[in-house]
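Asks: CSV, C-alpha atoms, file data.csv:
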chain,number,residue,atom,x,y,z
V,1,MET,CA,124.4,151.8,93.2
V,2,GLY,CA,125.1,155.2,94.8
V,3,GLY,CA,128.8,154.3,94.9
V,4,ILE,CA,129.0,154.0,91.1
V,5,LYS,CA,129.8,157.6,90.4
V,6,SER,CA,131.6,157.9,87.1
V,7,SER,CA,129.9,157.7,83.8
V,8,ILE,CA,132.2,154.9,82.6
V,9,ALA,CA,131.7,152.9,85.8
V,10,ARG,CA,127.9,153.1,85.4
V,11,LYS,CA,128.1,152.0,81.8
V,12,VAL,CA,130.3,149.1,82.7
V,13,ALA,CA,128.0,148.1,85.5
V,14,MET,CA,125.1,148.3,83.1
V,15,ALA,CA,126.9,146.1,80.6
V,16,LEU,CA,127.9,143.5,83.1
V,17,SER,CA,124.4,143.2,84.6
V,18,GLY,CA,123.1,142.9,81.0
V,19,LEU,CA,125.5,140.1,80.2
V,20,PHE,CA,124.5,138.3,83.4
V,21,LEU,CA,120.8,138.6,82.4
V,22,VAL,CA,121.6,137.3,78.9
V,23,LEU,CA,123.1,134.1,80.4
V,24,PHE,CA,120.0,133.6,82.5
V,25,LEU,CA,117.8,134.2,79.5
V,26,ALA,CA,119.6,131.5,77.5
V,27,GLN,CA,119.2,129.1,80.5
V,28,HIS,CA,115.6,130.0,80.9
V,29,PHE,CA,114.8,129.4,77.2
V,30,THR,CA,116.6,126.1,77.2
V,31,ILE,CA,114.4,124.9,80.2
V,32,ASN,CA,111.2,126.2,78.7
V,33,PHE,CA,111.9,124.7,75.3
V,34,THR,CA,111.8,121.3,76.9
V,35,SER,CA,108.1,121.8,77.5
V,36,VAL,CA,107.7,121.6,73.7
V,37,VAL,CA,109.8,118.5,73.1
V,38,SER,CA,109.5,116.6,76.4
V,39,PRO,CA,106.9,117.4,79.1
V,40,ASP,CA,108.5,114.9,81.5
V,41,THR,CA,111.9,116.5,81.1
V,42,PHE,CA,110.4,119.9,81.7
V,43,ASN,CA,108.7,118.6,84.9
V,44,GLU,CA,111.8,117.1,86.2
V,45,ILE,CA,114.0,120.1,85.6
V,46,SER,CA,111.3,122.4,87.0
V,47,GLN,CA,111.1,120.3,90.2
V,48,PHE,CA,114.9,120.3,90.5
V,49,MET,CA,115.2,124.1,90.0
V,50,GLY,CA,112.2,124.7,92.4
V,51,THR,CA,113.6,122.7,95.3
V,52,ASN,CA,117.4,123.0,95.0
V,53,PHE,CA,118.8,125.1,97.8
V,54,LEU,CA,121.5,126.7,95.8
V,55,VAL,CA,119.1,127.8,93.1
V,56,GLN,CA,116.4,129.0,95.5
V,57,ALA,CA,118.5,130.6,98.3
V,58,VAL,CA,121.5,131.9,96.3
V,59,LEU,CA,121.0,132.1,92.5
V,60,GLN,CA,117.4,133.3,92.7
V,61,PRO,CA,118.1,136.4,94.9
V,62,ILE,CA,121.1,137.2,92.8
V,63,LEU,CA,118.9,137.1,89.7
V,64,ILE,CA,116.3,139.3,91.2
V,65,PHE,CA,119.0,141.8,92.3
V,66,GLY,CA,120.5,141.6,88.8
V,67,VAL,CA,117.1,142.5,87.2
V,68,ILE,CA,116.5,145.4,89.6
V,69,PHE,CA,120.0,146.7,89.2
V,70,HIS,CA,120.0,146.6,85.4
V,71,PHE,CA,116.7,148.5,85.1
V,72,VAL,CA,117.5,151.0,87.8
V,73,MET,CA,120.9,151.7,86.3
V,74,GLY,CA,119.2,152.1,82.9
V,75,PHE,CA,116.9,154.8,84.3
V,76,ILE,CA,119.9,156.5,86.0
V,77,LEU,CA,121.9,156.6,82.8
V,78,GLU,CA,118.9,157.8,80.8
V,79,ALA,CA,118.2,160.6,83.4
V,80,ARG,CA,121.9,161.7,83.2
V,81,ASN,CA,121.9,161.6,79.4
V,82,ARG,CA,118.8,163.8,79.4
V,83,SER,CA,120.3,166.3,81.7
V,84,ALA,CA,123.5,166.4,79.6
V,85,ARG,CA,121.8,167.5,76.4
V,86,SER,CA,119.5,170.3,75.5
V,87,ILE,CA,117.1,168.2,73.4
V,88,GLY,CA,115.0,165.6,75.2
V,89,TYR,CA,115.2,161.9,74.4
V,90,ALA,CA,111.7,161.9,72.8
V,91,LYS,CA,112.6,164.7,70.4
V,92,PHE,CA,115.0,162.8,68.3
V,93,ASP,CA,113.4,162.2,64.9
V,94,GLY,CA,113.4,159.0,62.8
V,95,ASN,CA,116.1,160.5,60.4
V,96,ALA,CA,118.7,160.5,63.1
V,97,ASN,CA,121.9,158.6,62.2
V,98,SER,CA,121.5,156.1,65.0
V,99,PRO,CA,119.0,153.3,64.6
V,100,TRP,CA,115.6,153.4,66.4
V,101,VAL,CA,116.5,150.6,68.8
V,102,SER,CA,119.6,152.4,70.1
V,103,ARG,CA,117.7,155.7,70.6
V,104,ASN,CA,114.8,154.0,72.3
V,105,MET,CA,116.4,151.5,74.7
V,106,LEU,CA,114.4,153.1,77.5
V,107,ILE,CA,111.1,152.4,75.8
V,108,SER,CA,111.9,148.8,74.9
V,109,GLY,CA,113.2,148.3,78.5
V,110,ILE,CA,110.0,149.6,80.0
V,111,VAL,CA,108.0,147.2,77.9
V,112,VAL,CA,110.2,144.3,79.0
V,113,LEU,CA,110.0,145.4,82.6
V,114,ALA,CA,106.2,145.5,82.5
V,115,PHE,CA,106.2,142.1,80.9
V,116,LEU,CA,108.4,140.8,83.7
V,117,GLY,CA,105.8,141.9,86.2
V,118,LEU,CA,103.2,139.8,84.4
V,119,HIS,CA,105.6,136.9,84.1
V,120,PHE,CA,106.5,137.0,87.7
V,121,TYR,CA,102.8,137.1,88.6
V,122,ASP,CA,102.1,134.1,86.3
V,123,PHE,CA,104.8,131.8,87.5
V,124,TRP,CA,107.1,133.0,90.3
V,125,VAL,CA,104.4,134.4,92.7
V,126,HIS,CA,102.4,131.2,92.3
V,127,GLU,CA,105.4,129.1,93.0
V,128,MET,CA,106.2,131.1,96.2
V,129,GLN,CA,102.7,130.7,97.4
V,130,VAL,CA,102.6,126.9,96.8
V,131,LYS,CA,106.1,126.1,98.1
V,132,TYR,CA,106.6,128.6,101.0
V,133,LEU,CA,103.1,129.7,102.1
V,134,GLN,CA,101.3,126.4,101.6
V,135,GLY,CA,104.4,124.4,102.4
V,136,ASP,CA,104.0,122.0,99.4
V,137,MET,CA,107.5,121.2,98.0
V,138,SER,CA,106.3,118.0,96.3
V,139,GLY,CA,105.6,119.6,92.9
V,140,LEU,CA,102.7,117.2,92.5
V,141,ASN,CA,99.0,117.9,91.6
V,142,GLU,CA,96.0,116.1,93.0
V,143,ALA,CA,96.6,113.1,90.7
V,144,GLY,CA,100.1,112.6,92.1
V,145,GLU,CA,101.8,113.8,88.9
V,146,PHE,CA,104.2,116.7,88.4
V,147,ARG,CA,102.1,119.9,87.9
V,148,TYR,CA,104.6,122.2,86.1
V,149,TYR,CA,103.9,121.3,82.6
V,150,GLU,CA,100.1,121.4,82.9
V,151,GLU,CA,100.3,124.8,84.7
V,152,THR,CA,102.5,126.2,82.0
V,153,VAL,CA,100.2,125.0,79.3
V,154,ALA,CA,97.2,126.5,81.2
V,155,LYS,CA,98.7,129.9,80.9
V,156,PHE,CA,98.4,129.8,77.1
V,157,ALA,CA,95.7,127.4,76.2
V,158,GLY,CA,92.5,129.3,75.3
V,159,GLN,CA,94.3,132.6,76.3
V,160,PRO,CA,94.8,134.5,73.0
V,161,ILE,CA,95.2,137.9,74.7
V,162,ARG,CA,97.9,136.6,77.0
V,163,VAL,CA,99.7,135.0,74.1
V,164,ALA,CA,99.5,138.3,72.2
V,165,ILE,CA,101.0,140.1,75.2
V,166,TYR,CA,103.8,137.6,75.3
V,167,VAL,CA,104.5,137.9,71.6
V,168,PHE,CA,104.4,141.7,71.8
V,169,SER,CA,106.8,141.7,74.8
V,170,PHE,CA,109.3,139.3,73.3
V,171,ILE,CA,109.4,141.4,70.1
V,172,PHE,CA,110.4,144.4,72.3
V,173,LEU,CA,112.9,142.1,74.1
V,174,MET,CA,114.4,141.3,70.7
V,175,LEU,CA,114.7,145.0,69.8
V,176,HIS,CA,116.3,145.6,73.2
V,177,LEU,CA,118.8,142.9,72.7
V,178,LEU,CA,119.7,143.8,69.1
V,179,HIS,CA,121.4,146.9,70.5
V,180,GLY,CA,122.1,146.1,74.1
V,181,PHE,CA,123.8,142.8,73.8
V,182,ALA,CA,126.4,143.9,71.2
V,183,SER,CA,126.8,147.3,73.0
V,184,SER,CA,127.7,145.5,76.2
V,185,PHE,CA,130.8,144.0,74.6
V,186,GLN,CA,131.7,147.4,73.2
V,187,THR,CA,131.4,149.0,76.6
V,188,MET,CA,133.7,146.3,78.0
V,189,GLY,CA,136.3,147.4,75.5
V,190,VAL,CA,136.1,144.3,73.2
V,191,ASN,CA,137.5,145.6,69.9
V,192,ASN,CA,139.7,142.9,68.2
V,193,LYS,CA,139.6,140.3,65.5
V,194,TYR,CA,136.7,138.6,67.2
V,195,SER,CA,134.5,141.7,67.2
V,196,LYS,CA,132.8,140.9,63.9
V,197,GLY,CA,132.0,137.4,65.1
V,198,ILE,CA,130.7,138.7,68.4
V,199,ARG,CA,128.4,141.1,66.6
V,200,THR,CA,127.0,138.3,64.4
V,201,PHE,CA,126.5,136.1,67.4
V,202,THR,CA,124.7,138.8,69.4
V,203,LYS,CA,122.4,139.6,66.6
V,204,ALA,CA,121.6,136.0,66.1
V,205,PHE,CA,121.0,135.5,69.8
V,206,ALA,CA,118.8,138.6,70.0
V,207,ILE,CA,116.5,137.2,67.3
V,208,VAL,CA,116.5,133.5,68.0
V,209,ILE,CA,116.0,133.5,71.7
V,210,PRO,CA,113.0,135.9,71.9
V,211,MET,CA,111.4,134.3,68.8
V,212,GLY,CA,112.0,131.0,70.5
V,213,PHE,CA,109.9,132.1,73.4
V,214,VAL,CA,107.3,133.4,71.0
V,215,PHE,CA,107.2,129.9,69.4
V,216,ILE,CA,106.7,128.3,72.8
V,217,ALA,CA,103.8,130.5,73.7
V,218,ILE,CA,102.1,130.0,70.3
V,219,PHE,CA,102.8,126.3,70.3
V,220,HIS,CA,101.0,125.7,73.6
V,221,TYR,CA,98.1,127.9,72.4
V,222,LEU,CA,97.7,126.1,69.1
V,223,ASN,CA,98.4,122.7,70.5
V,224,ASN,CA,95.4,123.0,72.9
V,225,LEU,CA,92.7,124.5,70.6
As structure tokens, how would this structure be written, given the file I've shared?
Replies:
Amino acid sequence: MGGIKSSIARKVAMALSGLFLVLFLAQHFTINFTSVVSPDTFNEISQFMGTNFLVQAVLQPILIFGVIFHFVMGFILEARNRSARSIGYAKFDGNANSPWVSRNMLISGIVVLAFLGLHFYDFWVHEMQVKYLQGDMSGLNEAGEFRYYEETVAKFAGQPIRVAIYVFSFIFLMLHLLHGFASSFQTMGVNNKYSKGIRTFTKAFAIVIPMGFVFIAIFHYLNNL
């Protein structure tokens, strides 16, 4: 990251990492949504993803690097923006011409980053303990059945505070995407006859995917009252 010196290069790097994470987000939502419609399918996909060498040894490290890179680059850009202007970021008022989401990407990003810490603790850390510390790659519970669905449901069933945290975090993810997703294409220089369609798509994605995650959390909570 130290080799990315120009402002344009940093913004392009930020945009590319953001687009990469958007692809992962879509894939992650698709897998998680199967927990609503087909627990067996969710279990099978989870077992495949959790034991596939390419996913675990190649794609997972790339994803972790992408997350770290995106957020570190965001902090770097914000720090340089602060130093380049006389009025601090927090001193912009609500009457500014730019919308709130574009002026507060750092705030929404910090909320999302904090949520990722919880999410990693809930799922990723547990999986690493079971698979690589305990050496259990079977994906089975004591009854000999795949454990992924029941473990996912257990995170939300009877856990109203955790569900509320998830809902709050995904609302901020939505706000982050409403500006960031479309801005990534602008940063990449996409300005043609498809621009309007891209803006429409990015806004729809920014709303549907986070709200889809909200639906999943609330569904498992209500379905197990």
Asks: Which polymer residues have any atom within 8 Å of an atom of Tyr148 in chain V, counting all atoms listed in the file, with same-chain residues fewer than 4 positions away left out, as a ChimeraX atom specification?
Replies: /V:42-43,46-47,139,152
Asks: May I ask which of the residues V:Ile107, V:Leu118, V:Met73, V:Tyr221 is the closest one to Ala9 in chain V, counting only C-alpha atoms?
Replies: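 Smallest distance to Ala9 in chain V is found for V:Met73.
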Asks: Which value, in Å to one decimal, gives the distance between CA of Asp40 in chain V and CA of Arg162 in chain V?
Replies: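 Going from CA of Asp40 in chain V over to CA of Arg162 in chain V covers 24.6 Å.
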Asks: State, in Å with one decimal place, the distance from CA of Met211 in chain V to CA of Val167 in chain V.
Replies: 8.3 Å
Asks: Taking 5 positions as the minimum chain separation for residues in the same chain, which residues sit within 9 Å of Asn32 in chain V when counting all atoms listed in the file? Answer as a PyMOL selection string.
Replies: chain V and resi 27+42+213+216
Asks: Work out how far CA of Ile218 in chain V is from CA of Phe156 in chain V, in Å to one decimal.
Replies: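 Separation between CA of Phe156 in chain V and CA of Ile218 in chain V: 7.7 Å.
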Asks: My list of candidates is V:Gly117, V:Pro61, V:Gly18, V:Gly66. Which is closest to His179 in chain V when distances are computed with all atoms listed in the file?
Replies: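 Closest to His179 in chain V, using all atoms listed in the file: V:Gly18.
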Asks: From the options V:Lys11, V:Lys155, V:His126, V:Lys131, which residue's atoms come nearest to Phe75 in chain V, counting all atoms listed in the file?
Replies: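 Looking at the shortest contact to Phe75 in chain V, the residue is V:Lys11.
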Asks: Given the choices V:Ile64, V:Val112, V:Asp122, V:Val208, which gets closest to Glu151 in chain V if the distance is worked out from only C-alpha atoms?
Replies: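 Nearest candidate to Glu151 in chain V out of V:Ile64, V:Val112, V:Asp122, V:Val208: V:Asp122.
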Asks: Using all atoms listed in the file, which of the listed residues (V:Ala143, V:Leu77, V:Leu178, V:Ile171) sits closest to Val12 in chain V?
Replies: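 For Val12 in chain V, the nearest of the candidates is V:Leu77.
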Asks: Let me make sure I understand: among V:Tyr121, V:Tyr132, V:Tyr194, V:Phe201, which one has the smallest atom-to-atom distance to Leu177 in chain V if we use only C-alpha atoms?
Replies: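 Of all the options, V:Phe201 lies closest to Leu177 in chain V.
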